[in-house]
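> First the structure, then my questions, so here it is.
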Amino acid sequence: MFFNSLLTNFAALEVGQHLYWQIGNIRIHGQVFLTSWILLGALLVFISLGTKKMENDPKGLQNLLEFLWDYIRDLARTQIGEKVYRDWMPFIGTLFLFVFVSNWGGALIPWRLIKLPSGELGAPTADINTTIALALLVSLSYFYAGLSNKGWRYFEYYVHPTPIMLPFKILEDFTKPLSLSFRLFGNILADELVVGVLVFLVPLILPIPVMFLGLFTSAIQALIFATLAAYYIGEAVEEHH
Amino acid sequence: MLAFNFFGATEGGLFDINATLPLMAIQVVALTYILNSLFFKPVGNVVEKREKFVSNNIIEAKNKLSEVKKLEADLLSQLQSARTEAQRIVSEAEDESDKLYKEALELANNEANASKEKARLEIESQTSAARDQLSKQADDLSELIVNRLILEK
């Protein structure tokens with residue numbers, strides 16, 4: 001199999017290896033949680049520092065946090081709509097921050113310097129479990145948003161212009177989380193792999209532009225994920241006339 | 001747990017889906033609540049308070065501006081009415097003085113005419129008196145001449 005030879009050739013990359021933690025009789029990917037705790041800890045420290053002394057004339061970190069808040073509000077408001085965007089702004093913002101911090105943290109911090117018994121540290125979003133978890137949360141959210149805002153009338157959405165749309169709309173409920181999770185997972189993993197392969201082949205200079213490209217796609221993926229999540233919620237709460 | 005074997009690995013692989021998934025979902029939900037209380041609420045409060053402050057100030061300034069405009073219009077109309085009033089008073093006074101002038105002129109004319117007439121009458125009477133006296137003196141003189149001539153004869 002082609003993949004097998006690829007794996008043996010680039011064994012240094014350790015693709016698909018995990019650091020397993022056994023809790024009771026369940027097994028989890030330890031490296032994902034390790035990196036996510038470090039990154040989220042850094043994010044929370046950053047936010048705590050910025051919101052410690054809130055003033056009416058913002059200074060320093062508060063400026064940055066207010067810019068971020070405003071950015072997330074605009075994103076949520078344009079996609080979800082004026083009426084309910086307030087309820088969903090924390091969720092959309094958390095998705096954006098989590099994906100962004102995970103992507104950039106995975107790309108910027110030289111995790112490979114830390115040796116693990118198995119697997120390696122990297123972006124938490126390069127693990128399919130994380131992206132599926134996020135995508136399923138988005139699915140649950142838009143169902144909840146639709147049902148809590150419109151009750152059973154939410155299902156009118158499935159037959160909205162004509163009942164012919166019904167099978168496609170049902171199919172969409174499956175393709176939405178699938179595309180959300182695989183887009184993020186694929187992009188981040190591919191970026192890590194490309195950088196890994198280039199570093200392995202040409203350790204000097206050449207990987208740097210690809211790393212910058214990786215930072216760019218990482219930021220874009222975070223924006224895409226948050227925007228799509230907000231769009232799906234907005235679609236669910238939208239009133240048809 | 002679902003586990004796809006990829007890349008020939010007996011355990012793990014890229015698509016190894018296990019309890020990481022629900023635990024990560026719980027972690028993200030918890031993060032949502034933490035970020036909501038640490039970040040979204042406090043920053044939102046500050047930003048929205050400021051936005052309210054700014055928009056209130058703008059509304060207040062607009063109200064003040066409209067008030068100023070109203071006052072300005074009021075003053076302008078007052079000024080206008082004062083101006084027309086002043087014009088009216090001036091023209092009234094002008095008419096009045098004109099009338100007075102005309103009256104005074106007429107009075108003076110009448111007076112002058114009257115005194116002229118009086119003077120003329122006086123002159124006339126004096127003239128006739130003088131003429132009478134003159135003719136009387138002439139009569140006397142002629143009588144005197146006649147008498148002397150008669151007496152000499």
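Scheme for the structure tokens: letters A, B, ... for chains in order shown; per-chain residue numbers from 1; ligand numbers from 1 in order shown.
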When you look at segment 149-153 of chain A with a cut-off of 8 Å (counting only C-alpha atoms), what residues show up, excluding the ones that are within fewer than 4 positions of it in the same chain? I need them as number ranges by chain.
A: 145, 157, 237
> How would the residues just picked look written out with C-alpha atoms as a tab-separated table (two decimals), in the first residue's frame?

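And here's out.tsv as it stands now:
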chain	number	residue	atom	x	y	z
A	145	ALA	CA	-31.38	27.45	18.35
A	157	TYR	CA	-37.30	24.96	7.15
A	237	VAL	CA	-33.46	30.89	13.56
> Please check the contacts: residues of chain A at most 9 Å away from chain B, using only C-alpha atoms, listed as number ranges by chain.
A: 1, 3-4, 6-7, 15-18, 20, 26-30, 32-33, 40, 44, 47-48, 50-51, 54-57, 62, 65-66, 69-70, 89-95, 98, 127-134, 136-137
> Which is closest to Asp191 of chain A among A:Leu108, A:Ala135, A:Ile164, A:Val210, if we use only C-alpha atoms?
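Under the stated criterion, the closest residue is A:Val210.
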> Which residue out of A:Gln31, A:Phe200, A:Ile224, A:Pro163 has the minimum interatomic distance to Gly106 of chain A when only C-alpha atoms are used?
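Of A:Gln31, A:Phe200, A:Ile224, A:Pro163, the one nearest Gly106 of chain A is A:Gln31, counting only C-alpha atoms.
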> Quick check, in Å to one decimal: how far apart do atom CA of Ala236 of chain A and atom CA of Phe155 of chain A lie?
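Distance reported for this atom pair: 9.3 Å.
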> Could you give me the residues within segment 19-185 of chain A that DSSP places in strand (DSSP E or B), as a list of chain:residue names?
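The residues of segment 19-185 of chain A classed as strand (DSSP E or B) are A:Tyr20, A:Trp21, A:Gln22, A:Ile23, A:Ile26, A:Arg27, A:Ile28, A:His29.
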